[in-house]
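Peer 1: For reference, the structure I am asking about is given below.
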Amino acid sequence: MLLLVMFELLGSTAASFALQFDLAAGGELCFFEELVPGEQVDASFSVLRGGNRMIAVHVSDPRGSEVYVSDHEGDGIVQFGATDPGTHFICFSNRRSMVGHKVVNIQMRTEAPLNISSIALRSTLERSDQQLEVLDRLVRNIEFKQTYIAQLWKRHMAILDETRMRAYFCACLQVLVAFLLSIAHHLMMRSVVRRRSIRAPLPV
């Protein structure tokens, strides 16, 4: 049975992983990695448990050519560089053992060649991202100030309307008070005139 495990390694020129897995009797486990020309792969493996602790290791390039072959190893180091772009396979086989399974530990490191153009592009993108973040903060600051000014304007208009209502009420109250005072003054004058007319002596 062929099992495939894929590891995507992004964002750095070098990446590594370590893994421990069971290799069933008569089974095979393959790892595959997309490589570019000049990319280097360093892998080490060791059989921790199982029978005589011997397995087979094969590495093949995208054309199917084997770049590393070992049919009987318990541990070892695999190093190779990619000459063709595409999928490279590293396969661990326990087909010679039809009874016992193996426990295998593997450590792998891939390192891509330094790409100045991609680094320059990444630097440019980072600066662009920083500028976009600054612009975003400025826009949010302007929106906050606009909202704050709109709230102040609404508050000012509410206070102005309230002041106008108070002024109108005070004016109406003053007119009412003046009217009542005028009526009271008129009634008081009539009362005084009436009293004087009552007290005045009748002509003989």
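Going by the structure tokens order, chains are called A, B, ..., each with residues numbered from 1, while ligands are numbered from 1 in the order shown.
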For the helix (DSSP H, G or I) assignment from backbone DSSP, which residues of chain A qualify? Please present them as a PyMOL selection string.

Peer 2: chain A and resi 116-199

Peer 1: Tell me which protein, DNA and RNA residues are within 8 Å of Ser97 of chain A, counting only C-alpha atoms, leaving out same-chain ones fewer than 3 positions away, and put them as JSON, numbers by chain.

Peer 2: {"A": [25, 26, 94, 100, 101]}

Peer 1: Tell me which of A:Gln131, A:Thr110, A:Ser93, A:Ser70 sits closest to Gly38 of chain A, counting only C-alpha atoms.

Peer 2: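 Distance minimum relative to Gly38 of chain A lands on A:Thr110.
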
Peer 1: When you look at His88 of chain A with a cut-off of 6 Å (counting only C-alpha atoms), what residues show up, excluding the ones that are within fewer than 3 positions of it in the same chain? I need them as a VMD selection string.

Peer 2: chain A and resid 32 to 33 60 to 62

Peer 1: Which of segment 26-203 of chain A counts as strand (DSSP E) under DSSP, as number ranges by chain please?

Peer 2: A: 28-35, 40-49, 55-60, 66-73, 75-81, 86-93, 102-111

Peer 1: For those residues, write C-alpha atoms to a file as a PDB file, in the first residue's frame.

Peer 2:
ATOM      1  CA  GLU A  28       5.926   1.607   1.709  1.00  0.00           C
ATOM      2  CA  LEU A  29       5.648   5.241   2.745  1.00  0.00           C
ATOM      3  CA  CYS A  30       6.602   8.100   0.419  1.00  0.00           C
ATOM      4  CA  PHE A  31       7.097  11.786   1.049  1.00  0.00           C
ATOM      5  CA  PHE A  32       7.036  14.167  -1.888  1.00  0.00           C
ATOM      6  CA  GLU A  33       8.186  17.748  -2.197  1.00  0.00           C
ATOM      7  CA  GLU A  34       7.940  20.322  -4.979  1.00  0.00           C
ATOM      8  CA  LEU A  35      11.483  21.563  -5.608  1.00  0.00           C
ATOM      9  CA  GLN A  40      18.982  21.309  -1.578  1.00  0.00           C
ATOM     10  CA  VAL A  41      17.492  18.509   0.526  1.00  0.00           C
ATOM     11  CA  ASP A  42      19.154  17.029   3.599  1.00  0.00           C
ATOM     12  CA  ALA A  43      17.399  14.100   5.274  1.00  0.00           C
ATOM     13  CA  SER A  44      18.385  11.701   8.002  1.00  0.00           C
ATOM     14  CA  PHE A  45      16.496   8.597   9.088  1.00  0.00           C
ATOM     15  CA  SER A  46      16.777   5.831  11.647  1.00  0.00           C
ATOM     16  CA  VAL A  47      14.766   2.706  12.391  1.00  0.00           C
ATOM     17  CA  LEU A  48      13.868   2.796  16.097  1.00  0.00           C
ATOM     18  CA  ARG A  49      12.073  -0.532  16.481  1.00  0.00           C
ATOM     19  CA  ILE A  55      14.567  -0.849   5.423  1.00  0.00           C
ATOM     20  CA  ALA A  56      15.033   0.318   1.829  1.00  0.00           C
ATOM     21  CA  VAL A  57      15.243   3.992   0.867  1.00  0.00           C
ATOM     22  CA  HIS A  58      14.756   5.355  -2.663  1.00  0.00           C
ATOM     23  CA  VAL A  59      14.810   8.967  -3.916  1.00  0.00           C
ATOM     24  CA  SER A  60      13.547   9.824  -7.419  1.00  0.00           C
ATOM     25  CA  GLU A  66      16.631   7.450  -8.924  1.00  0.00           C
ATOM     26  CA  VAL A  67      19.084   9.863  -7.332  1.00  0.00           C
ATOM     27  CA  TYR A  68      19.555   7.778  -4.175  1.00  0.00           C
ATOM     28  CA  VAL A  69      19.101   4.037  -3.625  1.00  0.00           C
ATOM     29  CA  SER A  70      19.708   1.947  -0.530  1.00  0.00           C
ATOM     30  CA  ASP A  71      18.087  -1.481  -0.136  1.00  0.00           C
ATOM     31  CA  HIS A  72      19.275  -2.446   3.336  1.00  0.00           C
ATOM     32  CA  GLU A  73      19.857   0.285   5.927  1.00  0.00           C
ATOM     33  CA  ASP A  75      19.911   4.527   9.540  1.00  0.00           C
ATOM     34  CA  GLY A  76      21.528   6.957   7.155  1.00  0.00           C
ATOM     35  CA  ILE A  77      21.752  10.418   5.633  1.00  0.00           C
ATOM     36  CA  VAL A  78      20.244  11.368   2.279  1.00  0.00           C
ATOM     37  CA  GLN A  79      21.515  14.507   0.532  1.00  0.00           C
ATOM     38  CA  PHE A  80      20.716  15.657  -2.977  1.00  0.00           C
ATOM     39  CA  GLY A  81      20.126  18.792  -5.013  1.00  0.00           C
ATOM     40  CA  GLY A  86       8.902  19.357 -10.052  1.00  0.00           C
ATOM     41  CA  THR A  87       7.950  16.645  -7.592  1.00  0.00           C
ATOM     42  CA  HIS A  88      10.730  14.655  -5.904  1.00  0.00           C
ATOM     43  CA  PHE A  89       9.903  11.495  -3.951  1.00  0.00           C
ATOM     44  CA  ILE A  90      11.621   9.980  -0.907  1.00  0.00           C
ATOM     45  CA  CYS A  91      10.236   6.498  -0.268  1.00  0.00           C
ATOM     46  CA  PHE A  92      10.805   4.195   2.713  1.00  0.00           C
ATOM     47  CA  SER A  93      10.040   0.528   2.043  1.00  0.00           C
ATOM     48  CA  LYS A 102       9.093  -0.862  11.693  1.00  0.00           C
ATOM     49  CA  VAL A 103       9.082   2.434  13.600  1.00  0.00           C
ATOM     50  CA  VAL A 104      11.039   5.019  11.635  1.00  0.00           C
ATOM     51  CA  ASN A 105      12.142   8.506  12.592  1.00  0.00           C
ATOM     52  CA  ILE A 106      12.954  11.019   9.843  1.00  0.00           C
ATOM     53  CA  GLN A 107      14.273  14.572   9.861  1.00  0.00           C
ATOM     54  CA  MET A 108      14.277  16.563   6.644  1.00  0.00           C
ATOM     55  CA  ARG A 109      15.494  20.024   5.690  1.00  0.00           C
ATOM     56  CA  THR A 110      15.004  21.816   2.381  1.00  0.00           C
ATOM     57  CA  GLU A 111      16.792  24.992   1.416  1.00  0.00           C
TER      58      GLU A 111
END

Peer 1: For atom CA of Met188 of chain A and atom CA of Phe169 of chain A, quote the distance in Å rounded to one decimal.

Peer 2: 28.1 Å
